[in-house]
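Raw contents of final_22.pdb, PDB, C-alpha atoms:
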MODEL        1
ATOM      1  CA  THR A  10     -41.226   9.169  28.121
ATOM      2  CA  TRP A  11     -40.292   8.585  24.489
ATOM      3  CA  ASP A  12     -37.118  10.653  24.912
ATOM      4  CA  ALA A  13     -35.554   7.494  26.309
ATOM      5  CA  PHE A  14     -35.721   6.001  22.809
ATOM      6  CA  ASP A  15     -34.222   9.020  21.036
ATOM      7  CA  PRO A  16     -30.696   8.102  19.829
ATOM      8  CA  TYR A  17     -29.413  11.674  20.179
ATOM      9  CA  THR A  18     -30.630  11.865  23.773
ATOM     10  CA  ASN A  19     -28.994   8.510  24.500
ATOM     11  CA  LEU A  20     -25.696   9.495  22.852
ATOM     12  CA  ASN A  21     -25.635  12.731  24.822
ATOM     13  CA  ALA A  22     -26.302  10.884  28.082
ATOM     14  CA  ALA A  23     -23.623   8.278  27.294
ATOM     15  CA  ALA A  24     -21.099  11.000  26.428
ATOM     16  CA  THR A  25     -21.857  12.819  29.681
ATOM     17  CA  ILE A  26     -21.408   9.654  31.739
ATOM     18  CA  LEU A  27     -18.151   8.723  29.955
ATOM     19  CA  ARG A  28     -16.823  12.261  30.411
ATOM     20  CA  GLU A  29     -17.567  12.071  34.153
ATOM     21  CA  CYS A  30     -15.939   8.634  34.372
ATOM     22  CA  TRP A  31     -12.851   9.923  32.519
ATOM     23  CA  ALA A  32     -12.654  12.893  34.913
ATOM     24  CA  ARG A  33     -12.620  10.546  37.930
ATOM     25  CA  LYS A  34      -9.544   8.689  36.697
ATOM     26  CA  PRO A  35      -8.044  10.212  33.547
ATOM     27  CA  GLY A  36      -5.615   8.240  31.420
ATOM     28  CA  SER A  37      -7.503   5.074  30.542
ATOM     29  CA  TRP A  38     -10.558   4.738  28.346
ATOM     30  CA  LEU A  39     -10.828   1.121  29.537
ATOM     31  CA  ASP A  40     -11.220   2.360  33.115
ATOM     32  CA  ALA A  41     -13.789   4.895  31.871
ATOM     33  CA  ALA A  42     -15.678   2.067  30.128
ATOM     34  CA  GLY A  43     -15.662   0.043  33.360
ATOM     35  CA  CYS A  44     -16.982   3.061  35.251
ATOM     36  CA  TYR A  45     -19.672   3.583  32.590
ATOM     37  CA  HIS A  46     -20.822  -0.021  33.022
ATOM     38  CA  HIS A  47     -20.612  -0.094  36.830
ATOM     39  CA  PRO A  48     -19.777   3.257  38.495
ATOM     40  CA  ALA A  49     -19.175   1.634  41.891
ATOM     41  CA  GLY A  50     -16.264  -0.312  40.377
ATOM     42  CA  GLY A  51     -15.384  -3.713  41.759
ATOM     43  CA  GLN A  52     -15.679  -7.033  39.955
ATOM     44  CA  PRO A  53     -18.512  -6.005  37.577
ATOM     45  CA  ALA A  54     -16.425  -3.089  36.241
ATOM     46  CA  ALA A  55     -13.306  -5.284  35.990
ATOM     47  CA  ARG A  56     -15.243  -7.957  34.110
ATOM     48  CA  TYR A  57     -16.612  -5.367  31.666
ATOM     49  CA  ARG A  58     -13.127  -3.882  31.113
ATOM     50  CA  ALA A  59     -11.857  -7.373  30.263
ATOM     51  CA  ILE A  60     -14.694  -7.858  27.765
ATOM     52  CA  VAL A  61     -13.998  -4.491  26.112
ATOM     53  CA  ARG A  62     -10.240  -5.226  26.045
ATOM     54  CA  GLY A  63     -10.974  -8.564  24.315
ATOM     55  CA  HIS A  64     -13.173  -6.930  21.681
ATOM     56  CA  LEU A  65     -10.554  -4.251  21.060
ATOM     57  CA  ALA A  66      -7.874  -6.905  20.605
ATOM     58  CA  LYS A  67      -9.994  -8.469  17.855
ATOM     59  CA  ILE A  68     -10.307  -5.245  15.882
ATOM     60  CA  SER A  69      -6.757  -4.032  16.512
ATOM     61  CA  PRO A  70      -4.495  -7.023  17.257
ATOM     62  CA  ALA A  71      -1.255  -4.978  17.239
ATOM     63  CA  PRO A  72      -1.989  -1.808  19.217
ATOM     64  CA  ARG A  73       0.403   1.115  18.967
ATOM     65  CA  ILE A  74       1.334   2.795  22.205
ATOM     66  CA  SER A  75       0.943   6.549  22.463
ATOM     67  CA  ALA A  76       1.129   9.075  25.260
ATOM     68  CA  PRO A  77      -2.102   9.493  27.242
ATOM     69  CA  ALA A  78      -4.208  12.552  26.539
ATOM     70  CA  ALA A  79      -3.893  15.361  29.060
ATOM     71  CA  GLU A  80      -7.627  15.931  29.219
ATOM     72  CA  ALA A  81     -10.894  14.445  28.006
ATOM     73  CA  PRO A  82     -12.036  15.448  24.542
ATOM     74  CA  ARG A  83     -14.544  18.283  24.366
ATOM     75  CA  SER A  84     -16.875  16.320  22.077
ATOM     76  CA  VAL A  85     -17.338  12.575  21.926
ATOM     77  CA  ALA A  86     -19.890  11.462  19.333
ATOM     78  CA  ALA A  87     -19.080  10.634  15.715
ATOM     79  CA  LEU A  88     -21.388   9.145  13.115
ATOM     80  CA  THR A  89     -18.731   6.839  11.634
ATOM     81  CA  PRO A  90     -15.347   5.846  13.037
ATOM     82  CA  ASP A  91     -12.229   7.265  11.438
ATOM     83  CA  PRO A  92     -10.676   4.482   9.291
ATOM     84  CA  GLY A  93      -7.275   5.242  10.836
ATOM     85  CA  PHE A  94      -8.566   4.815  14.404
ATOM     86  CA  VAL A  95      -6.349   2.690  16.638
ATOM     87  CA  TRP A  96      -7.229   2.072  20.275
ATOM     88  CA  THR A  97      -4.297   2.405  22.682
ATOM     89  CA  GLU A  98      -3.866   1.836  26.383
ATOM     90  CA  PRO A  99      -0.569   3.154  27.739
ATOM     91  CA  GLY A 100       1.465   0.914  29.999
ATOM     92  CA  ARG A 101      -0.659  -2.200  29.627
TER      93      ARG A 101
ENDMDL
END

Let me see whether you can do it: turn the structure in this file into structure tokens.
Amino acid sequence: TWDAFDPYTNLNAAATILRECWARKPGSWLDAAGCYHHPAGGQPAARYRAIVRGHLAKISPAPRISAPAAEAPRSVAALTPDPGFVWTEPGR
């Protein structure tokens, strides 16, 4: 079906999957990204987390540490990133 090519459908599906991954192991968006890429975990998820971590280091070479969020956000999608956005991973 053509719904598979609809960006809003895809963003909604991605947000749902990320939310479920976050719920499995809250506290790390890198772990959620690994789960999104390979829900069974293992080496494929670890490899993807390393790739994401490397890309994040390029866009934010001096991350600030902040306390982890208590729960997943209620909405995920944004059309443009906030210019003050800084990715953080506590305890890493």

Query - Between atom CA of Phe14 of chain A and atom CA of Trp31 of chain A, distance in Å (one decimal) - result: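 So the two atoms, atom CA of Phe14 of chain A and atom CA of Trp31 of chain A, lie 25.2 Å apart.
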
For the file shown, what are the residues hit by the PyMOL selection byres ((chain A and resi 57) around 12), laid out as an MDAnalysis selection string?
chainID A and resid 39:48 50:56 58:64

Box for segment 58-66 of chain A - axis-aligned, 6 Å on each of the six sides, all listed atoms - centre and size in Å to one decimal, as lines of an AutoDock Vina configuration file.
center_x = -11.3
center_y = -6.2
center_z = 25.9
size_x = 18.8
size_y = 16.7
size_z = 22.5

Gap from atom CA of Ala49 of chain A to atom CA of Ile68 of chain A - Å, one decimal: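 Straight-line distance from atom CA of Ala49 of chain A to atom CA of Ile68 of chain A works out to 28.3 Å.
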